[in-house]
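Next comes entry05.pdb, with PDB, C-alpha atoms.
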```pdb
ATOM      1  CA  MET M 115       0.000   0.000   0.000  1.00  0.00           C
ATOM      2  CA  PRO M 116       1.599   3.277  -1.095  1.00  0.00           C
ATOM      3  CA  ASN M 117      -0.285   5.456   1.446  1.00  0.00           C
ATOM      4  CA  GLU M 118       0.362   3.223   4.450  1.00  0.00           C
ATOM      5  CA  PHE M 119       1.320   5.253   7.510  1.00  0.00           C
ATOM      6  CA  LYS M 120       4.939   4.777   8.578  1.00  0.00           C
ATOM      7  CA  PRO M 121       5.563   6.266  12.020  1.00  0.00           C
ATOM      8  CA  LYS M 122       8.534   8.464  12.847  1.00  0.00           C
ATOM      9  CA  MET M 123       9.787   7.431  16.274  1.00  0.00           C
ATOM     10  CA  VAL M 124      12.682   8.626  18.420  1.00  0.00           C
ATOM     11  CA  GLY M 125      14.400   6.307  20.866  1.00  0.00           C
ATOM     12  CA  PHE M 126      16.579   7.659  23.674  1.00  0.00           C
ATOM     13  CA  LEU M 127      18.692   4.670  24.719  1.00  0.00           C
ATOM     14  CA  CYS M 128      20.963   4.421  27.744  1.00  0.00           C
ATOM     15  CA  ASN M 129      24.577   3.861  26.710  1.00  0.00           C
ATOM     16  CA  TRP M 130      25.295   1.097  29.207  1.00  0.00           C
ATOM     17  CA  CYS M 131      22.283  -1.182  28.830  1.00  0.00           C
ATOM     18  CA  SER M 132      19.637  -0.354  26.239  1.00  0.00           C
ATOM     19  CA  TYR M 133      22.016   0.794  23.506  1.00  0.00           C
ATOM     20  CA  ALA M 134      24.092  -2.340  24.064  1.00  0.00           C
ATOM     21  CA  GLY M 135      20.867  -4.393  23.876  1.00  0.00           C
ATOM     22  CA  ALA M 136      20.040  -2.708  20.578  1.00  0.00           C
ATOM     23  CA  ASP M 137      23.546  -3.487  19.344  1.00  0.00           C
ATOM     24  CA  LEU M 138      23.093  -7.131  20.343  1.00  0.00           C
ATOM     25  CA  ALA M 139      19.771  -7.256  18.492  1.00  0.00           C
ATOM     26  CA  GLY M 140      21.461  -5.903  15.392  1.00  0.00           C
ATOM     27  CA  SER M 141      24.481  -8.184  15.558  1.00  0.00           C
ATOM     28  CA  SER M 142      22.098 -11.120  16.138  1.00  0.00           C
ATOM     29  CA  LYS M 143      20.324 -10.074  12.920  1.00  0.00           C
ATOM     30  CA  LEU M 144      16.939  -9.854  14.616  1.00  0.00           C
ATOM     31  CA  GLU M 145      14.207  -8.273  12.541  1.00  0.00           C
ATOM     32  CA  ILE M 146      13.407  -4.785  13.817  1.00  0.00           C
ATOM     33  CA  LYS M 147      10.991  -2.351  12.195  1.00  0.00           C
ATOM     34  CA  PRO M 148      12.928   0.595  10.729  1.00  0.00           C
ATOM     35  CA  TYR M 149      10.887   3.457  12.189  1.00  0.00           C
ATOM     36  CA  LEU M 150      12.974   4.201  15.310  1.00  0.00           C
ATOM     37  CA  SER M 151      15.757   6.787  15.128  1.00  0.00           C
ATOM     38  CA  VAL M 152      18.118   6.072  18.006  1.00  0.00           C
ATOM     39  CA  VAL M 153      19.721   8.741  20.177  1.00  0.00           C
ATOM     40  CA  ARG M 154      22.409   7.398  22.505  1.00  0.00           C
ATOM     41  CA  VAL M 155      22.395   9.025  25.945  1.00  0.00           C
ATOM     42  CA  MET M 156      24.672   8.246  28.871  1.00  0.00           C
ATOM     43  CA  CYS M 157      21.724   7.539  31.182  1.00  0.00           C
ATOM     44  CA  SER M 158      17.952   7.481  30.839  1.00  0.00           C
ATOM     45  CA  SER M 159      17.841  10.145  33.564  1.00  0.00           C
ATOM     46  CA  ARG M 160      19.562  12.584  31.193  1.00  0.00           C
ATOM     47  CA  VAL M 161      16.564  12.674  28.846  1.00  0.00           C
ATOM     48  CA  ASN M 162      15.154  16.123  29.496  1.00  0.00           C
ATOM     49  CA  SER M 163      11.386  16.646  29.410  1.00  0.00           C
ATOM     50  CA  ASN M 164      11.822  19.512  26.952  1.00  0.00           C
ATOM     51  CA  LEU M 165      13.691  17.205  24.592  1.00  0.00           C
ATOM     52  CA  VAL M 166      10.838  14.705  24.622  1.00  0.00           C
ATOM     53  CA  LEU M 167       8.188  17.381  24.088  1.00  0.00           C
ATOM     54  CA  ALA M 168      10.249  19.017  21.325  1.00  0.00           C
ATOM     55  CA  SER M 169      10.467  15.631  19.598  1.00  0.00           C
ATOM     56  CA  PHE M 170       6.682  15.495  19.472  1.00  0.00           C
ATOM     57  CA  LEU M 171       6.343  19.119  18.362  1.00  0.00           C
ATOM     58  CA  TRP M 172       8.799  18.540  15.529  1.00  0.00           C
ATOM     59  CA  GLY M 173       6.952  15.555  14.164  1.00  0.00           C
ATOM     60  CA  ALA M 174       7.786  12.416  16.121  1.00  0.00           C
ATOM     61  CA  ASP M 175       4.812  10.082  16.285  1.00  0.00           C
ATOM     62  CA  GLY M 176       6.287   8.238  19.258  1.00  0.00           C
ATOM     63  CA  VAL M 177       9.154   8.523  21.739  1.00  0.00           C
ATOM     64  CA  LEU M 178      10.782   5.570  23.484  1.00  0.00           C
ATOM     65  CA  ILE M 179      12.999   6.059  26.519  1.00  0.00           C
ATOM     66  CA  ALA M 180      14.944   2.926  27.410  1.00  0.00           C
ATOM     67  CA  GLY M 181      17.308   2.410  30.308  1.00  0.00           C
ATOM     68  CA  CYS M 182      18.823  -0.110  32.676  1.00  0.00           C
ATOM     69  CA  HIS M 183      16.568  -2.203  34.877  1.00  0.00           C
ATOM     70  CA  PRO M 184      15.863  -0.586  38.282  1.00  0.00           C
ATOM     71  CA  GLY M 185      18.699  -1.423  40.629  1.00  0.00           C
ATOM     72  CA  ASP M 186      21.175  -2.008  37.780  1.00  0.00           C
ATOM     73  CA  CYS M 187      21.813   1.599  36.730  1.00  0.00           C
ATOM     74  CA  HIS M 188      25.444   2.425  35.985  1.00  0.00           C
ATOM     75  CA  TYR M 189      24.825   5.727  37.799  1.00  0.00           C
ATOM     76  CA  GLU M 190      23.036   4.057  40.739  1.00  0.00           C
ATOM     77  CA  LYS M 191      19.682   5.913  40.759  1.00  0.00           C
ATOM     78  CA  GLY M 192      19.411   7.360  37.267  1.00  0.00           C
ATOM     79  CA  ASN M 193      16.600   5.115  36.106  1.00  0.00           C
ATOM     80  CA  TYR M 194      14.547   6.026  39.189  1.00  0.00           C
ATOM     81  CA  TYR M 195      14.815   9.691  38.173  1.00  0.00           C
ATOM     82  CA  ALA M 196      13.840   8.745  34.623  1.00  0.00           C
ATOM     83  CA  ARG M 197      10.783   6.873  35.901  1.00  0.00           C
ATOM     84  CA  ARG M 198       9.660   9.922  37.898  1.00  0.00           C
ATOM     85  CA  ARG M 199      10.139  12.241  34.913  1.00  0.00           C
ATOM     86  CA  PHE M 200       8.251   9.770  32.703  1.00  0.00           C
ATOM     87  CA  ALA M 201       5.217   9.858  35.035  1.00  0.00           C
ATOM     88  CA  LEU M 202       5.148  13.665  34.851  1.00  0.00           C
ATOM     89  CA  LEU M 203       5.550  13.634  31.068  1.00  0.00           C
ATOM     90  CA  LYS M 204       2.544  11.333  30.728  1.00  0.00           C
ATOM     91  CA  LYS M 205       0.407  13.902  32.599  1.00  0.00           C
ATOM     92  CA  ILE M 206       1.742  16.729  30.428  1.00  0.00           C
ATOM     93  CA  MET M 207       0.908  14.766  27.289  1.00  0.00           C
ATOM     94  CA  ASP M 208      -2.638  14.183  28.498  1.00  0.00           C
ATOM     95  CA  SER M 209      -3.040  17.923  29.071  1.00  0.00           C
ATOM     96  CA  LEU M 210      -1.749  18.602  25.529  1.00  0.00           C
ATOM     97  CA  GLY M 211      -4.269  16.204  24.054  1.00  0.00           C
ATOM     98  CA  LEU M 212      -1.640  13.679  22.961  1.00  0.00           C
ATOM     99  CA  GLU M 213      -2.273  10.008  23.606  1.00  0.00           C
ATOM    100  CA  SER M 214       0.010   9.052  26.481  1.00  0.00           C
ATOM    101  CA  GLY M 215       0.729   5.768  24.683  1.00  0.00           C
ATOM    102  CA  ARG M 216       2.926   7.715  22.269  1.00  0.00           C
ATOM    103  CA  LEU M 217       5.534   7.870  25.036  1.00  0.00           C
ATOM    104  CA  GLN M 218       6.999   4.644  26.361  1.00  0.00           C
ATOM    105  CA  LEU M 219       9.558   3.809  29.035  1.00  0.00           C
ATOM    106  CA  SER M 220      11.206   0.388  28.932  1.00  0.00           C
ATOM    107  CA  TRP M 221      13.956  -1.331  30.876  1.00  0.00           C
ATOM    108  CA  ILE M 222      16.321  -3.272  28.610  1.00  0.00           C
ATOM    109  CA  SER M 223      19.651  -4.730  29.701  1.00  0.00           C
ATOM    110  CA  ALA M 224      22.730  -5.229  27.530  1.00  0.00           C
ATOM    111  CA  SER M 225      22.012  -8.957  27.233  1.00  0.00           C
ATOM    112  CA  GLU M 226      18.388  -8.513  26.111  1.00  0.00           C
ATOM    113  CA  GLY M 227      18.709  -8.066  22.359  1.00  0.00           C
ATOM    114  CA  LYS M 228      15.611 -10.166  21.709  1.00  0.00           C
ATOM    115  CA  ARG M 229      13.636  -8.127  24.245  1.00  0.00           C
ATOM    116  CA  TYR M 230      14.786  -4.894  22.557  1.00  0.00           C
ATOM    117  CA  ALA M 231      13.539  -6.135  19.172  1.00  0.00           C
ATOM    118  CA  GLU M 232      10.205  -7.223  20.661  1.00  0.00           C
ATOM    119  CA  ILE M 233       9.683  -3.883  22.436  1.00  0.00           C
ATOM    120  CA  VAL M 234      10.542  -1.785  19.364  1.00  0.00           C
ATOM    121  CA  ASN M 235       8.374  -3.890  17.043  1.00  0.00           C
ATOM    122  CA  LYS M 236       5.370  -3.848  19.378  1.00  0.00           C
ATOM    123  CA  TYR M 237       5.779  -0.118  20.014  1.00  0.00           C
ATOM    124  CA  ALA M 238       5.972   0.531  16.252  1.00  0.00           C
ATOM    125  CA  ASP M 239       2.716  -1.402  15.818  1.00  0.00           C
ATOM    126  CA  ASP M 240       1.066   0.562  18.653  1.00  0.00           C
ATOM    127  CA  VAL M 241       2.150   3.929  17.226  1.00  0.00           C
ATOM    128  CA  THR M 242       1.103   2.888  13.716  1.00  0.00           C
ATOM    129  CA  HIS M 243      -2.338   2.027  15.087  1.00  0.00           C
ATOM    130  CA  MET M 244      -2.584   5.500  16.749  1.00  0.00           C
ATOM    131  CA  GLY M 245      -1.760   7.206  13.467  1.00  0.00           C
ATOM    132  CA  PRO M 246       0.110  10.453  12.858  1.00  0.00           C
ATOM    133  CA  ASN M 247       0.965  12.810  15.705  1.00  0.00           C
ATOM    134  CA  PRO M 248      -1.746  15.500  15.795  1.00  0.00           C
ATOM    135  CA  LEU M 249       0.654  18.123  17.244  1.00  0.00           C
ATOM    136  CA  GLN M 250       3.461  17.985  14.740  1.00  0.00           C
ATOM    137  CA  LYS M 251       4.756  21.379  13.746  1.00  0.00           C
ATOM    138  CA  ASN M 252       6.240  20.391  10.392  1.00  0.00           C
ATOM    139  CA  PRO M 253       4.661  17.301   8.788  1.00  0.00           C
ATOM    140  CA  LYS M 254       7.431  17.179   6.134  1.00  0.00           C
ATOM    141  CA  LEU M 255      10.124  16.103   8.603  1.00  0.00           C
TER     142      LEU M 255
END
```
Do you think you could lay out the structure here as structure tokens?
Amino acid sequence: MPNEFKPKMVGFLCNWCSYAGADLAGSSKLEIKPYLSVVRVMCSSRVNSNLVLASFLWGADGVLIAGCHPGDCHYEKGNYYARRRFALLKKIMDSLGLESGRLQLSWISASEGKRYAEIVNKYADDVTHMGPNPLQKNPKL
């Protein structure tokens, strides 16, 4: 189908766990839908709320934040801060009229390449089902 919606998604992946899990998925040649643009961050706690909201305003249909499992953070408590920020972002998205399902937080370790592929593929399906982001500033991005 030529007019089939293909979501534009941004993934902020923790350097120590989630990015390594994504690398494992790739080196294992797992099939992953191509809609996620990955941004490598040192820790999931470093993903600023403004960065997430700007991603949506500039056309992202979905944003994935992925970090180490709670208790396994390279920076001790970073993923707990990320979880708190995520809860606030969900409320902000509701107030903006954006489906809160467009934002996802997942814990993926370096050894979970298969889990990474499953999460990205399911999230891509979920965002595809929601359709285009109604807030995007520039639909040509």
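The protein and nucleic acid residues lying at most 9 Å from M:Lys120 are M:Asn117, M:Tyr149, M:Ala238, M:Thr242, M:Gly245, M:Pro246, with all atoms listed in the file considered and sequence neighbours fewer than 3 positions away removed.
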Residues within 12 Å of M:Gly176, only C-alpha atoms, excluding chain neighbours under 5 positions, as an mmCIF file with C-alpha atoms, in the coordinates of the input:
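The resulting selection05.cif:
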```
data_model
loop_
_atom_site.group_PDB
_atom_site.id
_atom_site.type_symbol
_atom_site.label_atom_id
_atom_site.label_comp_id
_atom_site.auth_asym_id
_atom_site.auth_seq_id
_atom_site.Cartn_x
_atom_site.Cartn_y
_atom_site.Cartn_z
ATOM 1 C CA LYS M 120 4.939 4.777 8.578
ATOM 2 C CA PRO M 121 5.563 6.266 12.020
ATOM 3 C CA LYS M 122 8.534 8.464 12.847
ATOM 4 C CA MET M 123 9.787 7.431 16.274
ATOM 5 C CA VAL M 124 12.682 8.626 18.420
ATOM 6 C CA GLY M 125 14.400 6.307 20.866
ATOM 7 C CA PHE M 126 16.579 7.659 23.674
ATOM 8 C CA TYR M 149 10.887 3.457 12.189
ATOM 9 C CA LEU M 150 12.974 4.201 15.310
ATOM 10 C CA SER M 151 15.757 6.787 15.128
ATOM 11 C CA VAL M 166 10.838 14.705 24.622
ATOM 12 C CA LEU M 167 8.188 17.381 24.088
ATOM 13 C CA ALA M 168 10.249 19.017 21.325
ATOM 14 C CA SER M 169 10.467 15.631 19.598
ATOM 15 C CA PHE M 170 6.682 15.495 19.472
ATOM 16 C CA LEU M 171 6.343 19.119 18.362
ATOM 17 C CA MET M 207 0.908 14.766 27.289
ATOM 18 C CA LEU M 212 -1.640 13.679 22.961
ATOM 19 C CA GLU M 213 -2.273 10.008 23.606
ATOM 20 C CA SER M 214 0.010 9.052 26.481
ATOM 21 C CA GLY M 215 0.729 5.768 24.683
ATOM 22 C CA ARG M 216 2.926 7.715 22.269
ATOM 23 C CA LEU M 217 5.534 7.870 25.036
ATOM 24 C CA GLN M 218 6.999 4.644 26.361
ATOM 25 C CA LEU M 219 9.558 3.809 29.035
ATOM 26 C CA VAL M 234 10.542 -1.785 19.364
ATOM 27 C CA TYR M 237 5.779 -0.118 20.014
ATOM 28 C CA ALA M 238 5.972 0.531 16.252
ATOM 29 C CA ASP M 239 2.716 -1.402 15.818
ATOM 30 C CA ASP M 240 1.066 0.562 18.653
ATOM 31 C CA VAL M 241 2.150 3.929 17.226
ATOM 32 C CA THR M 242 1.103 2.888 13.716
ATOM 33 C CA HIS M 243 -2.338 2.027 15.087
ATOM 34 C CA MET M 244 -2.584 5.500 16.749
ATOM 35 C CA GLY M 245 -1.760 7.206 13.467
ATOM 36 C CA PRO M 246 0.110 10.453 12.858
ATOM 37 C CA ASN M 247 0.965 12.810 15.705
ATOM 38 C CA PRO M 248 -1.746 15.500 15.795
ATOM 39 C CA LEU M 249 0.654 18.123 17.244
ATOM 40 C CA GLN M 250 3.461 17.985 14.740
#
```
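Closest to M:Glu226 among M:Gly173, M:Gly181, M:Gly192, M:Gly211 is M:Gly181, based on only C-alpha atoms.
Counting all atoms listed in the file, the residue from M:Leu203, M:Cys131, M:Val152, M:Leu144 that sits nearest to M:Leu178 is M:Val152.
With only the atoms specified (only C-alpha atoms) counting, those residues at most 6 Å away from (27.1, -6.0, 26.2) are Ala134, Ala224 and Ser225 of chain M.
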Can you tell me how far atom CA of M:Phe200 sits from atom CA of M:Leu138, in Å to one decimal?
25.7 Å
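Atom CA of M:Lys143 sits 22.3 Å away from atom CA of M:Ile179.
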Where does the PyMOL selection byres ((chain M and resi 187) around 10) land in this file, that is, which residues does it pick, as number ranges by chain?
M: 128, 130-131, 157-159, 181-186, 188-194, 223
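Using all atoms listed in the file, the contacts of M:Ile146 at a cut-off of 8 Å, with sequence neighbours closer than 6 positions omitted, comprise Ala231, Glu232, Val234 and Asn235 of chain M.
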Using all atoms listed in the file, which residue out of M:Lys228, M:Ser163, M:Ser141, M:Val153 lies closest to M:Lys204?
M:Ser163
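Compared by their closest atoms to M:Ile206, and using only C-alpha atoms, the residues M:Ala174, M:Asn164, M:Arg229, M:Lys236 rank with M:Asn164 nearest.
You can rank M:Trp172, M:Arg154, M:Ala196, M:Leu202 by their closest distance to M:Trp221 using all atoms listed in the file, and at the top of that list sits M:Ala196.
One finds atom CA of M:Val177 at 24.2 Å from atom CA of M:Ser142.
Close contacts of M:Val155, defined as residues with an atom at most 9 Å away when counting all atoms listed in the file, with chain neighbours fewer than 5 positions off set aside, comprise Phe126, Leu127, Cys128, Asn129, Tyr133, Arg160 and Val161 of chain M.
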Output file for the selection above: C-alpha atoms, as an mmCIF file, in the coordinates of the input:
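Final output, selection_22.cif:
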```cif
data_model
loop_
_atom_site.group_PDB
_atom_site.id
_atom_site.type_symbol
_atom_site.label_atom_id
_atom_site.label_comp_id
_atom_site.auth_asym_id
_atom_site.auth_seq_id
_atom_site.Cartn_x
_atom_site.Cartn_y
_atom_site.Cartn_z
ATOM 1 C CA PHE M 126 16.579 7.659 23.674
ATOM 2 C CA LEU M 127 18.692 4.670 24.719
ATOM 3 C CA CYS M 128 20.963 4.421 27.744
ATOM 4 C CA ASN M 129 24.577 3.861 26.710
ATOM 5 C CA TYR M 133 22.016 0.794 23.506
ATOM 6 C CA ARG M 160 19.562 12.584 31.193
ATOM 7 C CA VAL M 161 16.564 12.674 28.846
#
```
Draw an axis-aligned box over all listed atoms of stretch 126-135 of chain M, pad each side with 3 Å, and write its centre and edge lengths in Å, one decimal, as AutoDock Vina command-line options.
```
--center_x 20.9 --center_y 1.6 --center_z 26.4 --size_x 14.7 --size_y 18.1 --size_z 11.7
```
Missing atoms in stretch 154-188 of chain M need filling: write out N, CA and C atoms for it as a PDB file, in the frame of the given file.
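Result file follows (part18.pdb):
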```pdb
ATOM      1  N   ARG M 154      21.667   8.020  21.399  1.00  0.00           N
ATOM      2  CA  ARG M 154      22.409   7.398  22.505  1.00  0.00           C
ATOM      3  C   ARG M 154      22.644   8.440  23.594  1.00  0.00           C
ATOM      4  N   VAL M 155      22.185   8.127  24.801  1.00  0.00           N
ATOM      5  CA  VAL M 155      22.395   9.025  25.945  1.00  0.00           C
ATOM      6  C   VAL M 155      23.159   8.244  27.017  1.00  0.00           C
ATOM      7  N   MET M 156      23.881   8.941  27.857  1.00  0.00           N
ATOM      8  CA  MET M 156      24.672   8.246  28.871  1.00  0.00           C
ATOM      9  C   MET M 156      23.791   7.554  29.902  1.00  0.00           C
ATOM     10  N   CYS M 157      22.629   8.116  30.194  1.00  0.00           N
ATOM     11  CA  CYS M 157      21.724   7.539  31.182  1.00  0.00           C
ATOM     12  C   CYS M 157      20.308   7.982  30.842  1.00  0.00           C
ATOM     13  N   SER M 158      19.347   7.124  31.117  1.00  0.00           N
ATOM     14  CA  SER M 158      17.952   7.481  30.839  1.00  0.00           C
ATOM     15  C   SER M 158      17.525   8.711  31.640  1.00  0.00           C
ATOM     16  N   SER M 159      18.193   8.969  32.761  1.00  0.00           N
ATOM     17  CA  SER M 159      17.841  10.145  33.564  1.00  0.00           C
ATOM     18  C   SER M 159      18.254  11.448  32.891  1.00  0.00           C
ATOM     19  N   ARG M 160      19.093  11.379  31.876  1.00  0.00           N
ATOM     20  CA  ARG M 160      19.562  12.584  31.193  1.00  0.00           C
ATOM     21  C   ARG M 160      18.620  13.016  30.078  1.00  0.00           C
ATOM     22  N   VAL M 161      17.536  12.300  29.878  1.00  0.00           N
ATOM     23  CA  VAL M 161      16.564  12.674  28.846  1.00  0.00           C
ATOM     24  C   VAL M 161      15.659  13.751  29.433  1.00  0.00           C
ATOM     25  N   ASN M 162      15.876  14.959  29.003  1.00  0.00           N
ATOM     26  CA  ASN M 162      15.154  16.123  29.496  1.00  0.00           C
ATOM     27  C   ASN M 162      13.714  16.127  28.973  1.00  0.00           C
ATOM     28  N   SER M 163      12.800  16.565  29.811  1.00  0.00           N
ATOM     29  CA  SER M 163      11.386  16.646  29.410  1.00  0.00           C
ATOM     30  C   SER M 163      11.198  17.518  28.174  1.00  0.00           C
ATOM     31  N   ASN M 164      11.942  18.617  28.105  1.00  0.00           N
ATOM     32  CA  ASN M 164      11.822  19.512  26.952  1.00  0.00           C
ATOM     33  C   ASN M 164      12.250  18.816  25.662  1.00  0.00           C
ATOM     34  N   LEU M 165      13.223  17.944  25.758  1.00  0.00           N
ATOM     35  CA  LEU M 165      13.691  17.205  24.592  1.00  0.00           C
ATOM     36  C   LEU M 165      12.603  16.262  24.078  1.00  0.00           C
ATOM     37  N   VAL M 166      11.922  15.610  24.996  1.00  0.00           N
ATOM     38  CA  VAL M 166      10.838  14.705  24.622  1.00  0.00           C
ATOM     39  C   VAL M 166       9.693  15.487  23.984  1.00  0.00           C
ATOM     40  N   LEU M 167       9.291  16.580  24.622  1.00  0.00           N
ATOM     41  CA  LEU M 167       8.188  17.381  24.088  1.00  0.00           C
ATOM     42  C   LEU M 167       8.555  18.008  22.747  1.00  0.00           C
ATOM     43  N   ALA M 168       9.801  18.452  22.602  1.00  0.00           N
ATOM     44  CA  ALA M 168      10.249  19.017  21.325  1.00  0.00           C
ATOM     45  C   ALA M 168      10.214  17.954  20.230  1.00  0.00           C
ATOM     46  N   SER M 169      10.531  16.716  20.585  1.00  0.00           N
ATOM     47  CA  SER M 169      10.467  15.631  19.598  1.00  0.00           C
ATOM     48  C   SER M 169       9.057  15.496  19.042  1.00  0.00           C
ATOM     49  N   PHE M 170       8.072  15.574  19.923  1.00  0.00           N
ATOM     50  CA  PHE M 170       6.682  15.495  19.472  1.00  0.00           C
ATOM     51  C   PHE M 170       6.297  16.718  18.652  1.00  0.00           C
ATOM     52  N   LEU M 171       6.700  17.901  19.089  1.00  0.00           N
ATOM     53  CA  LEU M 171       6.343  19.119  18.362  1.00  0.00           C
ATOM     54  C   LEU M 171       6.974  19.171  16.977  1.00  0.00           C
ATOM     55  N   TRP M 172       8.117  18.537  16.818  1.00  0.00           N
ATOM     56  CA  TRP M 172       8.799  18.540  15.529  1.00  0.00           C
ATOM     57  C   TRP M 172       8.481  17.323  14.679  1.00  0.00           C
ATOM     58  N   GLY M 173       7.454  16.571  15.071  1.00  0.00           N
ATOM     59  CA  GLY M 173       6.952  15.555  14.164  1.00  0.00           C
ATOM     60  C   GLY M 173       7.098  14.115  14.575  1.00  0.00           C
ATOM     61  N   ALA M 174       7.701  13.823  15.706  1.00  0.00           N
ATOM     62  CA  ALA M 174       7.786  12.416  16.121  1.00  0.00           C
ATOM     63  C   ALA M 174       6.388  11.900  16.441  1.00  0.00           C
ATOM     64  N   ASP M 175       6.096  10.709  15.980  1.00  0.00           N
ATOM     65  CA  ASP M 175       4.812  10.082  16.285  1.00  0.00           C
ATOM     66  C   ASP M 175       4.882   9.287  17.586  1.00  0.00           C
ATOM     67  N   GLY M 176       6.092   8.963  18.014  1.00  0.00           N
ATOM     68  CA  GLY M 176       6.287   8.238  19.258  1.00  0.00           C
ATOM     69  C   GLY M 176       7.689   8.454  19.785  1.00  0.00           C
ATOM     70  N   VAL M 177       7.842   8.395  21.104  1.00  0.00           N
ATOM     71  CA  VAL M 177       9.154   8.523  21.739  1.00  0.00           C
ATOM     72  C   VAL M 177       9.319   7.374  22.726  1.00  0.00           C
ATOM     73  N   LEU M 178      10.431   6.668  22.592  1.00  0.00           N
ATOM     74  CA  LEU M 178      10.782   5.570  23.484  1.00  0.00           C
ATOM     75  C   LEU M 178      11.984   5.989  24.314  1.00  0.00           C
ATOM     76  N   ILE M 179      11.861   5.852  25.622  1.00  0.00           N
ATOM     77  CA  ILE M 179      12.999   6.059  26.519  1.00  0.00           C
ATOM     78  C   ILE M 179      13.326   4.686  27.087  1.00  0.00           C
ATOM     79  N   ALA M 180      14.563   4.249  26.929  1.00  0.00           N
ATOM     80  CA  ALA M 180      14.944   2.926  27.410  1.00  0.00           C
ATOM     81  C   ALA M 180      16.198   3.037  28.263  1.00  0.00           C
ATOM     82  N   GLY M 181      16.174   2.358  29.388  1.00  0.00           N
ATOM     83  CA  GLY M 181      17.308   2.410  30.308  1.00  0.00           C
ATOM     84  C   GLY M 181      17.543   1.076  30.978  1.00  0.00           C
ATOM     85  N   CYS M 182      18.476   1.089  31.903  1.00  0.00           N
ATOM     86  CA  CYS M 182      18.823  -0.110  32.676  1.00  0.00           C
ATOM     87  C   CYS M 182      17.651  -0.488  33.581  1.00  0.00           C
ATOM     88  N   HIS M 183      17.588  -1.749  33.929  1.00  0.00           N
ATOM     89  CA  HIS M 183      16.568  -2.203  34.877  1.00  0.00           C
ATOM     90  C   HIS M 183      16.783  -1.509  36.227  1.00  0.00           C
ATOM     91  N   PRO M 184      15.708  -1.194  36.955  1.00  0.00           N
ATOM     92  CA  PRO M 184      15.863  -0.586  38.282  1.00  0.00           C
ATOM     93  C   PRO M 184      16.783  -1.433  39.163  1.00  0.00           C
ATOM     94  N   GLY M 185      17.718  -0.748  39.793  1.00  0.00           N
ATOM     95  CA  GLY M 185      18.699  -1.423  40.629  1.00  0.00           C
ATOM     96  C   GLY M 185      19.986  -1.766  39.897  1.00  0.00           C
ATOM     97  N   ASP M 186      19.983  -1.678  38.566  1.00  0.00           N
ATOM     98  CA  ASP M 186      21.175  -2.008  37.780  1.00  0.00           C
ATOM     99  C   ASP M 186      21.776  -0.802  37.068  1.00  0.00           C
ATOM    100  N   CYS M 187      21.350   0.393  37.415  1.00  0.00           N
ATOM    101  CA  CYS M 187      21.813   1.599  36.730  1.00  0.00           C
ATOM    102  C   CYS M 187      23.311   1.819  36.968  1.00  0.00           C
ATOM    103  N   HIS M 188      24.021   2.132  35.905  1.00  0.00           N
ATOM    104  CA  HIS M 188      25.444   2.425  35.985  1.00  0.00           C
ATOM    105  C   HIS M 188      25.697   3.640  36.890  1.00  0.00           C
TER     106      HIS M 188
END
```
